[in-house]
$ cat work_35.csv   # CSV, C-alpha atoms
chain,number,residue,atom,x,y,z
Z,16,MET,CA,-82.9,0.9,-176.9
Z,17,ASP,CA,-80.3,3.5,-177.7
Z,18,GLU,CA,-76.9,3.2,-179.3
Z,19,THR,CA,-75.2,2.4,-175.9
Z,20,ASP,CA,-77.6,-0.5,-175.3
Z,21,ARG,CA,-76.9,-1.8,-178.9
Z,22,LYS,CA,-73.2,-1.7,-178.2
Z,23,ILE,CA,-73.6,-3.6,-175.0
Z,24,ILE,CA,-75.9,-6.2,-176.6
Z,25,SER,CA,-73.7,-6.6,-179.7
Z,26,GLN,CA,-70.5,-7.2,-177.6
Z,27,LEU,CA,-72.3,-9.7,-175.4
Z,28,GLN,CA,-73.6,-11.6,-178.4
Z,29,LEU,CA,-69.9,-11.9,-179.6
Z,30,ASN,CA,-68.7,-12.8,-176.1
Z,31,GLY,CA,-71.2,-13.3,-173.3
Z,32,ARG,CA,-68.4,-13.2,-170.7
Z,33,THR,CA,-67.2,-9.7,-171.7
Z,34,SER,CA,-66.2,-7.9,-168.5
Z,35,LEU,CA,-67.9,-4.8,-167.3
Z,36,LYS,CA,-64.5,-3.0,-167.7
Z,37,LYS,CA,-64.4,-4.0,-171.4
Z,38,LEU,CA,-68.0,-3.0,-171.9
Z,39,ALA,CA,-67.2,0.4,-170.3
Z,40,GLU,CA,-64.3,0.9,-172.8
Z,41,ILE,CA,-66.6,0.0,-175.7
Z,42,THR,CA,-69.5,2.3,-174.6
Z,43,GLY,CA,-67.6,5.1,-173.0
Z,44,LEU,CA,-69.5,4.7,-169.7
Z,45,SER,CA,-68.1,3.8,-166.3
Z,46,SER,CA,-68.3,0.1,-165.2
Z,47,THR,CA,-71.1,1.1,-162.8
Z,48,GLY,CA,-72.9,2.8,-165.6
Z,49,VAL,CA,-72.6,-0.3,-167.8
Z,50,LYS,CA,-73.8,-2.5,-164.9
Z,51,LYS,CA,-76.9,-0.3,-164.4
Z,52,ARG,CA,-77.6,-0.4,-168.2
Z,53,LEU,CA,-77.1,-4.2,-168.2
Z,54,ASN,CA,-79.4,-4.8,-165.2
Z,55,LYS,CA,-82.0,-2.5,-166.7
Z,56,LEU,CA,-82.0,-4.5,-170.0
Z,57,ILE,CA,-82.3,-7.8,-168.1
Z,58,GLN,CA,-85.1,-6.5,-165.8
Z,59,LYS,CA,-87.1,-5.2,-168.7
Z,60,GLY,CA,-86.8,-8.6,-170.5
Z,61,VAL,CA,-84.9,-7.1,-173.4
Z,62,ILE,CA,-82.1,-9.6,-173.0
Z,63,GLN,CA,-81.3,-12.7,-170.9
Z,64,VAL,CA,-78.1,-14.3,-169.9
Z,65,SER,CA,-78.0,-18.0,-170.8
Z,66,ALA,CA,-75.7,-20.8,-172.0
Z,67,LEU,CA,-75.9,-22.0,-175.5
Z,68,VAL,CA,-74.6,-25.4,-176.5
Z,69,ASN,CA,-72.3,-26.0,-179.4
Z,70,VAL,CA,-74.1,-28.7,-181.3
Z,71,LYS,CA,-71.3,-29.1,-183.8
Z,72,ASP,CA,-68.7,-29.9,-181.1
Z,73,LEU,CA,-71.1,-32.3,-179.4
Z,74,HIS,CA,-71.8,-34.0,-182.8
Z,75,LEU,CA,-75.5,-33.5,-182.3
Z,76,GLN,CA,-77.8,-33.8,-185.4
Z,77,ALA,CA,-80.3,-31.1,-186.0
Z,78,ALA,CA,-83.5,-31.1,-188.0
Z,79,LEU,CA,-86.3,-28.7,-189.0
Z,80,VAL,CA,-89.8,-30.1,-188.8
Z,81,LEU,CA,-92.7,-28.4,-190.5
Z,82,ILE,CA,-96.2,-29.4,-189.6
Z,83,GLU,CA,-99.7,-28.5,-190.7
Z,84,VAL,CA,-102.3,-29.2,-188.1
Z,85,GLU,CA,-106.1,-29.1,-188.7
Z,86,SER,CA,-107.1,-26.8,-185.8
Z,87,SER,CA,-105.9,-24.5,-183.1
Z,88,GLU,CA,-106.9,-27.2,-180.6
Z,89,ALA,CA,-104.6,-29.8,-182.3
Z,90,LEU,CA,-101.8,-27.2,-182.5
Z,91,ASN,CA,-102.0,-26.4,-178.8
Z,92,LYS,CA,-102.1,-30.1,-177.9
Z,93,LEU,CA,-99.0,-30.7,-179.9
Z,94,ILE,CA,-97.1,-27.7,-178.4
Z,95,ASN,CA,-98.1,-28.8,-174.9
Z,96,ARG,CA,-97.1,-32.4,-175.6
Z,97,PHE,CA,-93.5,-31.4,-176.4
Z,98,LYS,CA,-93.1,-28.5,-174.0
Z,99,ASN,CA,-90.8,-30.5,-171.7
Z,100,CYS,CA,-88.9,-32.4,-174.5
Z,101,PRO,CA,-85.2,-31.7,-174.3
Z,102,ARG,CA,-84.7,-32.6,-177.9
Z,103,VAL,CA,-87.1,-29.8,-179.1
Z,104,VAL,CA,-84.8,-26.7,-179.2
Z,105,ASN,CA,-87.7,-24.3,-180.2
Z,106,MET,CA,-91.1,-24.3,-181.7
Z,107,PHE,CA,-92.6,-21.6,-183.9
Z,108,THR,CA,-96.2,-21.0,-185.0
Z,109,THR,CA,-96.3,-19.8,-188.6
Z,110,LEU,CA,-98.8,-18.1,-190.9
Z,111,GLY,CA,-97.9,-20.1,-194.0
Z,112,GLY,CA,-99.1,-23.5,-195.3
Z,113,TYR,CA,-97.4,-25.2,-192.4
Z,114,ASN,CA,-98.6,-23.6,-189.1
Z,115,LEU,CA,-95.9,-25.1,-186.8
Z,116,ALA,CA,-92.1,-25.3,-187.2
Z,117,ALA,CA,-89.8,-26.9,-184.8
Z,118,LEU,CA,-86.0,-27.1,-184.5
Z,119,ILE,CA,-84.9,-30.4,-182.9
Z,120,VAL,CA,-81.6,-32.1,-182.0
Z,121,ALA,CA,-80.6,-35.7,-181.6
Z,122,GLU,CA,-77.4,-37.5,-180.5
Z,123,ASP,CA,-76.9,-39.3,-183.8
Z,124,ARG,CA,-78.4,-39.9,-187.3
Z,125,ASP,CA,-80.3,-43.1,-186.2
Z,126,THR,CA,-81.9,-41.4,-183.2
Z,127,LEU,CA,-82.8,-38.4,-185.5
Z,128,GLU,CA,-84.5,-40.9,-187.8
Z,129,SER,CA,-86.3,-42.5,-184.9
Z,130,ILE,CA,-87.7,-39.2,-183.7
Z,131,SER,CA,-88.9,-38.5,-187.2
Z,132,ILE,CA,-91.0,-41.7,-187.5
Z,133,GLU,CA,-91.8,-43.2,-184.1
Z,134,LYS,CA,-94.5,-42.5,-181.6
Z,135,CYS,CA,-92.3,-39.9,-180.0
Z,136,SER,CA,-92.2,-37.9,-183.2
Z,137,LEU,CA,-93.7,-34.4,-183.5
Z,138,ARG,CA,-95.3,-35.8,-186.6
Z,139,SER,CA,-97.3,-38.5,-184.8
Z,140,GLY,CA,-99.9,-36.4,-183.0
Z,141,GLU,CA,-103.6,-36.2,-183.7
Z,142,GLY,CA,-104.9,-33.6,-186.1
Z,143,ILE,CA,-101.7,-33.5,-188.3
Z,144,ARG,CA,-102.6,-33.0,-191.9
Z,145,ARG,CA,-99.1,-33.1,-193.3
Z,146,SER,CA,-95.5,-32.7,-192.3
Z,147,GLU,CA,-92.0,-32.3,-193.7
Z,148,PHE,CA,-88.8,-33.4,-191.9
Z,149,TYR,CA,-85.5,-31.8,-193.0
Z,150,PRO,CA,-82.2,-33.0,-191.4
Z,151,ILE,CA,-79.8,-30.0,-191.3
Z,152,SER,CA,-76.5,-30.8,-193.0
Z,153,GLU,CA,-74.6,-27.8,-191.8
Z,154,ILE,CA,-75.3,-24.8,-189.5
Z,155,HIS,CA,-74.0,-21.5,-190.7
Z,156,TYR,CA,-73.0,-18.4,-188.7
Z,157,SER,CA,-73.2,-20.0,-185.2
Z,158,SER,CA,-73.4,-23.6,-184.1
Z,159,PHE,CA,-74.5,-22.6,-180.7
Z,160,LEU,CA,-78.1,-23.4,-180.0
Z,161,PRO,CA,-80.3,-23.1,-176.8
Z,162,VAL,CA,-80.5,-26.9,-176.2
Z,163,ARG,CA,-82.7,-27.3,-173.2
Z,164,GLU,CA,-80.3,-29.3,-170.9
Z,165,TYR,CA,-82.3,-28.3,-167.8
Z,166,LEU,CA,-85.1,-30.6,-168.9
Z,167,ILE,CA,-82.9,-33.7,-168.8
Z,168,ARG,CA,-83.8,-35.6,-165.7
Z,169,ARG,CA,-83.0,-39.3,-166.1
Z,170,GLY,CA,-85.2,-41.4,-164.0
Z,171,ASN,CA,-88.7,-41.4,-165.6
Z,172,THR,CA,-90.1,-44.5,-167.2
Z,173,THR,CA,-92.2,-42.5,-169.6
Z,174,ALA,CA,-91.0,-39.5,-171.7
Z,175,PRO,CA,-92.6,-36.1,-171.4
Z,176,CYS,CA,-94.5,-36.9,-174.7
Z,177,ASN,CA,-96.0,-39.9,-172.9
Z,178,VAL,CA,-94.1,-42.5,-174.8
Z,179,ASP,CA,-92.4,-45.5,-173.2
Z,180,CYS,CA,-89.0,-46.2,-174.9
Z,181,GLY,CA,-88.7,-49.7,-173.5
Z,182,PRO,CA,-91.0,-51.5,-176.0
Z,183,CYS,CA,-89.8,-49.5,-179.0
Z,184,LEU,CA,-88.3,-51.7,-181.6
Z,185,ARG,CA,-85.8,-49.0,-182.7
Z,186,TYR,CA,-84.6,-48.6,-179.1
Z,187,LYS,CA,-84.3,-52.4,-178.7
Z,188,THR,CA,-82.2,-52.7,-181.9
Z,189,GLU,CA,-80.0,-49.8,-180.8
Z,190,LYS,CA,-81.2,-47.4,-183.5
Z,191,CYS,CA,-82.2,-44.9,-180.9
Z,192,VAL,CA,-80.6,-43.9,-177.6
Z,193,GLY,CA,-83.9,-43.3,-175.9
Z,194,CYS,CA,-85.4,-40.2,-174.3
Z,195,PRO,CA,-82.9,-38.2,-172.2
Z,196,THR,CA,-85.5,-37.9,-169.5
Z,197,THR,CA,-85.9,-41.6,-168.9
Z,198,THR,CA,-84.1,-44.5,-167.3
Z,199,TYR,CA,-83.7,-46.0,-170.8
Z,200,TYR,CA,-81.4,-43.3,-172.0
Z,201,LYS,CA,-78.0,-44.3,-173.4
Z,202,GLY,CA,-76.9,-41.0,-175.0
Z,203,GLN,CA,-74.5,-38.1,-174.2
Z,204,LEU,CA,-76.9,-35.2,-173.3
$ encode --input "work_35.csv" --output "structure tokens"
Amino acid sequence: MDETDRKIISQLQLNGRTSLKKLAEITGLSSTGVKKRLNKLIQKGVIQVSALVNVKDLHLQAALVLIEVESSEALNKLINRFKNCPRVVNMFTTLGGYNLAALIVAEDRDTLESISIEKCSLRSGEGIRRSEFYPISEIHYSSFLPVREYLIRRGNTTAPCNVDCGPCLRYKTEKCVGCPTTTYYKGQL
């Protein structure tokens, strides 16, 4: 990356809909030159164009989950179990005492609590030694997160984590809106 690439990326981070004309003014290139640079950055996998969701405006609740698993096999099982969960914004393997961190979102505080303690929780898998669950009170700098809306496909009876919301007591007592991928779902995602 050179200084021109940095200018393009910086401007697109501020406003992803910046026109080629405006990017040309900022960089000193022609619109065609900017388009070529932009396409090159995308093709090389340096940047991607995607929509982020404003979790603050949607009143979504976020939490950070820290997990220590006993083996790489248990770690991989946990990662695979939740790879299609729309509530998991991102997962990170770490080198510290906890070897997995996840950023999750929920529609309300009750649902956030449900996904911290129920069978659909990241903390409920086999091989978990310990875990911490931290609801996030405020997001600083940017409330836009890559919530994975494309995973929401209402119509399944079982969630991607292989849990059935129907018999869940918290779901039955309306303390959880259910999984966004299932027919049980009563939320806004």
$ residues_around --input "work_35.csv" --residues "stretch 120-135 of chain Z" --least-positions-apart "4" --cutoff "6 Å" --atoms "all atoms listed in the file" --output "PyMOL selection string"
chain Z and resi 75-77+102+139+190-191
$ atom_distance --input "work_35.csv" --atom1 "atom CA of Z:Thr196" --atom2 "atom CA of Z:Asn99"
9.4 Å
$ closest_atom_pairs --input "work_35.csv" --of "stretch 112-190 of chain Z" --to "stretch 21-30 of chain Z" --cutoff "12 Å" --atoms "all atoms listed in the file" --output "tab-separated table"
residue	atom	partner	partner_atom	distance
Z:Tyr156	CA	Z:Leu29	CA	11.6
Z:Ser157	CA	Z:Leu29	CA	10.4
Z:Phe159	CA	Z:Gln28	CA	11.3
$ write_last_selection --input "work_35.csv" --atoms "C-alpha atoms" --output "mmCIF file, in the coordinates of the input"
data_model
loop_
_atom_site.group_PDB
_atom_site.id
_atom_site.type_symbol
_atom_site.label_atom_id
_atom_site.label_comp_id
_atom_site.auth_asym_id
_atom_site.auth_seq_id
_atom_site.Cartn_x
_atom_site.Cartn_y
_atom_site.Cartn_z
ATOM 1 C CA TYR Z 156 -73.000 -18.400 -188.700
ATOM 2 C CA SER Z 157 -73.200 -20.000 -185.200
ATOM 3 C CA PHE Z 159 -74.500 -22.600 -180.700
#
$ closest_residue --input "work_35.csv" --among "Z:Met16, Z:Leu90, Z:Gly181, Z:Leu73" --to "Z:Lys55" --atoms "all atoms listed in the file"
Z:Met16
$ residues_around --input "work_35.csv" --residues "Z:Arg96" --least-positions-apart "4" --cutoff "9 Å" --atoms "only C-alpha atoms" --output "number ranges by chain"
Z: 91-92, 100, 137, 140, 175-177
$ residues_near_point --input "work_35.csv" --point "(-99.7, -29.3, -183.5)" --cutoff "12 Å" --atoms "only C-alpha atoms" --output "PDB file with C-alpha atoms, in the frame of the given file"
ATOM      1  CA  VAL Z  80     -89.800 -30.100-188.800  1.00  0.00           C
ATOM      2  CA  LEU Z  81     -92.700 -28.400-190.500  1.00  0.00           C
ATOM      3  CA  ILE Z  82     -96.200 -29.400-189.600  1.00  0.00           C
ATOM      4  CA  GLU Z  83     -99.700 -28.500-190.700  1.00  0.00           C
ATOM      5  CA  VAL Z  84    -102.300 -29.200-188.100  1.00  0.00           C
ATOM      6  CA  GLU Z  85    -106.100 -29.100-188.700  1.00  0.00           C
ATOM      7  CA  SER Z  86    -107.100 -26.800-185.800  1.00  0.00           C
ATOM      8  CA  SER Z  87    -105.900 -24.500-183.100  1.00  0.00           C
ATOM      9  CA  GLU Z  88    -106.900 -27.200-180.600  1.00  0.00           C
ATOM     10  CA  ALA Z  89    -104.600 -29.800-182.300  1.00  0.00           C
ATOM     11  CA  LEU Z  90    -101.800 -27.200-182.500  1.00  0.00           C
ATOM     12  CA  ASN Z  91    -102.000 -26.400-178.800  1.00  0.00           C
ATOM     13  CA  LYS Z  92    -102.100 -30.100-177.900  1.00  0.00           C
ATOM     14  CA  LEU Z  93     -99.000 -30.700-179.900  1.00  0.00           C
ATOM     15  CA  ILE Z  94     -97.100 -27.700-178.400  1.00  0.00           C
ATOM     16  CA  ASN Z  95     -98.100 -28.800-174.900  1.00  0.00           C
ATOM     17  CA  ARG Z  96     -97.100 -32.400-175.600  1.00  0.00           C
ATOM     18  CA  PHE Z  97     -93.500 -31.400-176.400  1.00  0.00           C
ATOM     19  CA  LYS Z  98     -93.100 -28.500-174.000  1.00  0.00           C
ATOM     20  CA  MET Z 106     -91.100 -24.300-181.700  1.00  0.00           C
ATOM     21  CA  PHE Z 107     -92.600 -21.600-183.900  1.00  0.00           C
ATOM     22  CA  THR Z 108     -96.200 -21.000-185.000  1.00  0.00           C
ATOM     23  CA  THR Z 109     -96.300 -19.800-188.600  1.00  0.00           C
ATOM     24  CA  TYR Z 113     -97.400 -25.200-192.400  1.00  0.00           C
ATOM     25  CA  ASN Z 114     -98.600 -23.600-189.100  1.00  0.00           C
ATOM     26  CA  LEU Z 115     -95.900 -25.100-186.800  1.00  0.00           C
ATOM     27  CA  ALA Z 116     -92.100 -25.300-187.200  1.00  0.00           C
ATOM     28  CA  ALA Z 117     -89.800 -26.900-184.800  1.00  0.00           C
ATOM     29  CA  SER Z 136     -92.200 -37.900-183.200  1.00  0.00           C
ATOM     30  CA  LEU Z 137     -93.700 -34.400-183.500  1.00  0.00           C
ATOM     31  CA  ARG Z 138     -95.300 -35.800-186.600  1.00  0.00           C
ATOM     32  CA  SER Z 139     -97.300 -38.500-184.800  1.00  0.00           C
ATOM     33  CA  GLY Z 140     -99.900 -36.400-183.000  1.00  0.00           C
ATOM     34  CA  GLU Z 141    -103.600 -36.200-183.700  1.00  0.00           C
ATOM     35  CA  GLY Z 142    -104.900 -33.600-186.100  1.00  0.00           C
ATOM     36  CA  ILE Z 143    -101.700 -33.500-188.300  1.00  0.00           C
ATOM     37  CA  ARG Z 144    -102.600 -33.000-191.900  1.00  0.00           C
ATOM     38  CA  ARG Z 145     -99.100 -33.100-193.300  1.00  0.00           C
ATOM     39  CA  SER Z 146     -95.500 -32.700-192.300  1.00  0.00           C
TER      40      SER Z 146
END
$ residues_around --input "work_35.csv" --residues "Z:Tyr200" --least-positions-apart "4" --cutoff "12 Å" --atoms "only C-alpha atoms" --output "list in words"
Glu122, Thr126, Ile167, Arg168, Arg169, Gly170, Asn171, Thr172, Thr173, Ala174, Asp179, Cys180, Gly181, Tyr186, Lys187, Glu189, Cys191, Val192, Gly193, Cys194, Pro195, Thr196 and Leu204 of chain Z
$ write_last_selection --input "work_35.csv" --atoms "C-alpha atoms" --output "short mmCIF file (atom, residue, chain, number, x, y, z; two decimals), in the frame of the given file"
data_model
loop_
_atom_site.label_atom_id
_atom_site.label_comp_id
_atom_site.auth_asym_id
_atom_site.auth_seq_id
_atom_site.Cartn_x
_atom_site.Cartn_y
_atom_site.Cartn_z
CA GLU Z 122 -77.40 -37.50 -180.50
CA THR Z 126 -81.90 -41.40 -183.20
CA ILE Z 167 -82.90 -33.70 -168.80
CA ARG Z 168 -83.80 -35.60 -165.70
CA ARG Z 169 -83.00 -39.30 -166.10
CA GLY Z 170 -85.20 -41.40 -164.00
CA ASN Z 171 -88.70 -41.40 -165.60
CA THR Z 172 -90.10 -44.50 -167.20
CA THR Z 173 -92.20 -42.50 -169.60
CA ALA Z 174 -91.00 -39.50 -171.70
CA ASP Z 179 -92.40 -45.50 -173.20
CA CYS Z 180 -89.00 -46.20 -174.90
CA GLY Z 181 -88.70 -49.70 -173.50
CA TYR Z 186 -84.60 -48.60 -179.10
CA LYS Z 187 -84.30 -52.40 -178.70
CA GLU Z 189 -80.00 -49.80 -180.80
CA CYS Z 191 -82.20 -44.90 -180.90
CA VAL Z 192 -80.60 -43.90 -177.60
CA GLY Z 193 -83.90 -43.30 -175.90
CA CYS Z 194 -85.40 -40.20 -174.30
CA PRO Z 195 -82.90 -38.20 -172.20
CA THR Z 196 -85.50 -37.90 -169.50
CA LEU Z 204 -76.90 -35.20 -173.30
#
$ atom_distance --input "work_35.csv" --atom1 "atom CA of Z:Tyr149" --atom2 "atom CA of Z:Ala78"
5.4 Å
$ atom_distance --input "work_35.csv" --atom1 "atom CA of Z:Arg52" --atom2 "atom CA of Z:Leu67"
22.9 Å
$ closest_residue --input "work_35.csv" --among "Z:Thr198, Z:Val104, Z:Asn69, Z:Glu18" --to "Z:Thr42" --atoms "all atoms listed in the file"
Z:Glu18
$ closest_residue --input "work_35.csv" --among "Z:Leu79, Z:Arg185, Z:Leu110, Z:Lys37" --to "Z:Pro150" --atoms "only C-alpha atoms"
Z:Leu79
$ residues_near_point --input "work_35.csv" --point "(-64.6, -3.8, -167.9)" --cutoff "10 Å" --atoms "only C-alpha atoms" --output "JSON, numbers by chain"
{"Z": [33, 34, 35, 36, 37, 38, 39, 40, 41, 44, 45, 46, 47, 49, 50]}
$ decode --input "work_35.csv" --residues "stretch 110-142 of chain Z" --atoms "N, CA and C atoms" --output "PDB file, in the first residue's frame"
ATOM      1  N   LEU Z 110      -4.100 -15.881  22.421  1.00  0.00           N
ATOM      2  CA  LEU Z 110      -2.941 -16.566  22.976  1.00  0.00           C
ATOM      3  C   LEU Z 110      -2.860 -16.450  24.492  1.00  0.00           C
ATOM      4  N   GLY Z 111      -3.817 -15.814  25.117  1.00  0.00           N
ATOM      5  CA  GLY Z 111      -3.789 -15.618  26.561  1.00  0.00           C
ATOM      6  C   GLY Z 111      -4.430 -16.777  27.301  1.00  0.00           C
ATOM      7  N   GLY Z 112      -4.823 -16.503  28.546  1.00  0.00           N
ATOM      8  CA  GLY Z 112      -5.474 -17.510  29.376  1.00  0.00           C
ATOM      9  C   GLY Z 112      -6.763 -18.025  28.755  1.00  0.00           C
ATOM     10  N   TYR Z 113      -7.536 -17.125  28.166  1.00  0.00           N
ATOM     11  CA  TYR Z 113      -8.709 -17.523  27.398  1.00  0.00           C
ATOM     12  C   TYR Z 113      -8.238 -17.688  25.962  1.00  0.00           C
ATOM     13  N   ASN Z 114      -8.616 -18.786  25.302  1.00  0.00           N
ATOM     14  CA  ASN Z 114      -8.122 -18.993  23.943  1.00  0.00           C
ATOM     15  C   ASN Z 114      -9.169 -18.732  22.867  1.00  0.00           C
ATOM     16  N   LEU Z 115     -10.345 -18.219  23.275  1.00  0.00           N
ATOM     17  CA  LEU Z 115     -11.371 -17.835  22.312  1.00  0.00           C
ATOM     18  C   LEU Z 115     -12.122 -16.628  22.854  1.00  0.00           C
ATOM     19  N   ALA Z 116     -12.334 -15.650  22.001  1.00  0.00           N
ATOM     20  CA  ALA Z 116     -13.150 -14.481  22.338  1.00  0.00           C
ATOM     21  C   ALA Z 116     -14.187 -14.330  21.243  1.00  0.00           C
ATOM     22  N   ALA Z 117     -15.388 -13.911  21.633  1.00  0.00           N
ATOM     23  CA  ALA Z 117     -16.456 -13.716  20.653  1.00  0.00           C
ATOM     24  C   ALA Z 117     -17.202 -12.433  20.967  1.00  0.00           C
ATOM     25  N   LEU Z 118     -17.579 -11.743  19.929  1.00  0.00           N
ATOM     26  CA  LEU Z 118     -18.441 -10.570  20.037  1.00  0.00           C
ATOM     27  C   LEU Z 118     -19.814 -11.013  19.563  1.00  0.00           C
ATOM     28  N   ILE Z 119     -20.831 -10.835  20.404  1.00  0.00           N
ATOM     29  CA  ILE Z 119     -22.175 -11.282  20.061  1.00  0.00           C
ATOM     30  C   ILE Z 119     -23.164 -10.129  20.220  1.00  0.00           C
ATOM     31  N   VAL Z 120     -24.320 -10.250  19.570  1.00  0.00           N
ATOM     32  CA  VAL Z 120     -25.398  -9.269  19.715  1.00  0.00           C
ATOM     33  C   VAL Z 120     -26.712 -10.000  19.965  1.00  0.00           C
ATOM     34  N   ALA Z 121     -27.607  -9.303  20.646  1.00  0.00           N
ATOM     35  CA  ALA Z 121     -28.947  -9.828  20.899  1.00  0.00           C
ATOM     36  C   ALA Z 121     -29.936  -8.670  20.813  1.00  0.00           C
ATOM     37  N   GLU Z 122     -31.192  -9.015  20.640  1.00  0.00           N
ATOM     38  CA  GLU Z 122     -32.235  -8.017  20.437  1.00  0.00           C
ATOM     39  C   GLU Z 122     -32.593  -7.239  21.698  1.00  0.00           C
ATOM     40  N   ASP Z 123     -32.417  -7.838  22.855  1.00  0.00           N
ATOM     41  CA  ASP Z 123     -32.738  -7.167  24.115  1.00  0.00           C
ATOM     42  C   ASP Z 123     -31.947  -7.805  25.248  1.00  0.00           C
ATOM     43  N   ARG Z 124     -32.046  -7.221  26.416  1.00  0.00           N
ATOM     44  CA  ARG Z 124     -31.268  -7.672  27.575  1.00  0.00           C
ATOM     45  C   ARG Z 124     -31.636  -9.102  27.987  1.00  0.00           C
ATOM     46  N   ASP Z 125     -32.938  -9.429  27.970  1.00  0.00           N
ATOM     47  CA  ASP Z 125     -33.370 -10.781  28.343  1.00  0.00           C
ATOM     48  C   ASP Z 125     -32.800 -11.830  27.391  1.00  0.00           C
ATOM     49  N   THR Z 126     -32.842 -11.551  26.098  1.00  0.00           N
ATOM     50  CA  THR Z 126     -32.299 -12.497  25.114  1.00  0.00           C
ATOM     51  C   THR Z 126     -30.794 -12.613  25.284  1.00  0.00           C
ATOM     52  N   LEU Z 127     -30.124 -11.505  25.573  1.00  0.00           N
ATOM     53  CA  LEU Z 127     -28.684 -11.546  25.830  1.00  0.00           C
ATOM     54  C   LEU Z 127     -28.393 -12.458  27.021  1.00  0.00           C
ATOM     55  N   GLU Z 128     -29.209 -12.347  28.054  1.00  0.00           N
ATOM     56  CA  GLU Z 128     -29.021 -13.226  29.215  1.00  0.00           C
ATOM     57  C   GLU Z 128     -29.262 -14.687  28.830  1.00  0.00           C
ATOM     58  N   SER Z 129     -30.273 -14.930  28.022  1.00  0.00           N
ATOM     59  CA  SER Z 129     -30.572 -16.300  27.581  1.00  0.00           C
ATOM     60  C   SER Z 129     -29.402 -16.913  26.838  1.00  0.00           C
ATOM     61  N   ILE Z 130     -28.800 -16.134  25.925  1.00  0.00           N
ATOM     62  CA  ILE Z 130     -27.703 -16.703  25.152  1.00  0.00           C
ATOM     63  C   ILE Z 130     -26.395 -16.730  25.941  1.00  0.00           C
ATOM     64  N   SER Z 131     -26.459 -16.280  27.191  1.00  0.00           N
ATOM     65  CA  SER Z 131     -25.287 -16.422  28.053  1.00  0.00           C
ATOM     66  C   SER Z 131     -25.375 -17.669  28.927  1.00  0.00           C
ATOM     67  N   ILE Z 132     -26.597 -18.221  29.111  1.00  0.00           N
ATOM     68  CA  ILE Z 132     -26.752 -19.327  30.056  1.00  0.00           C
ATOM     69  C   ILE Z 132     -27.429 -20.573  29.493  1.00  0.00           C
ATOM     70  N   GLU Z 133     -28.124 -20.454  28.396  1.00  0.00           N
ATOM     71  CA  GLU Z 133     -28.909 -21.587  27.882  1.00  0.00           C
ATOM     72  C   GLU Z 133     -28.068 -22.523  27.009  1.00  0.00           C
ATOM     73  N   LYS Z 134     -28.713 -23.545  26.484  1.00  0.00           N
ATOM     74  CA  LYS Z 134     -28.042 -24.540  25.638  1.00  0.00           C
ATOM     75  C   LYS Z 134     -27.466 -23.923  24.368  1.00  0.00           C
ATOM     76  N   CYS Z 135     -28.022 -22.785  23.937  1.00  0.00           N
ATOM     77  CA  CYS Z 135     -27.536 -22.119  22.727  1.00  0.00           C
ATOM     78  C   CYS Z 135     -26.348 -21.204  23.010  1.00  0.00           C
ATOM     79  N   SER Z 136     -25.881 -21.193  24.241  1.00  0.00           N
ATOM     80  CA  SER Z 136     -24.779 -20.322  24.638  1.00  0.00           C
ATOM     81  C   SER Z 136     -23.434 -20.840  24.126  1.00  0.00           C
ATOM     82  N   LEU Z 137     -22.574 -19.913  23.779  1.00  0.00           N
ATOM     83  CA  LEU Z 137     -21.189 -20.265  23.437  1.00  0.00           C
ATOM     84  C   LEU Z 137     -20.512 -20.970  24.605  1.00  0.00           C
ATOM     85  N   ARG Z 138     -20.987 -20.702  25.804  1.00  0.00           N
ATOM     86  CA  ARG Z 138     -20.365 -21.244  27.011  1.00  0.00           C
ATOM     87  C   ARG Z 138     -20.863 -22.640  27.363  1.00  0.00           C
ATOM     88  N   SER Z 139     -21.741 -23.220  26.525  1.00  0.00           N
ATOM     89  CA  SER Z 139     -22.345 -24.511  26.859  1.00  0.00           C
ATOM     90  C   SER Z 139     -21.717 -25.711  26.148  1.00  0.00           C
ATOM     91  N   GLY Z 140     -20.676 -25.492  25.395  1.00  0.00           N
ATOM     92  CA  GLY Z 140     -20.061 -26.585  24.641  1.00  0.00           C
ATOM     93  C   GLY Z 140     -19.191 -27.497  25.484  1.00  0.00           C
ATOM     94  N   GLU Z 141     -18.899 -28.645  24.911  1.00  0.00           N
ATOM     95  CA  GLU Z 141     -17.998 -29.602  25.574  1.00  0.00           C
ATOM     96  C   GLU Z 141     -16.574 -29.069  25.563  1.00  0.00           C
ATOM     97  N   GLY Z 142     -15.829 -29.401  26.614  1.00  0.00           N
ATOM     98  CA  GLY Z 142     -14.420 -29.045  26.664  1.00  0.00           C
ATOM     99  C   GLY Z 142     -14.144 -27.634  27.146  1.00  0.00           C
TER     100      GLY Z 142
END
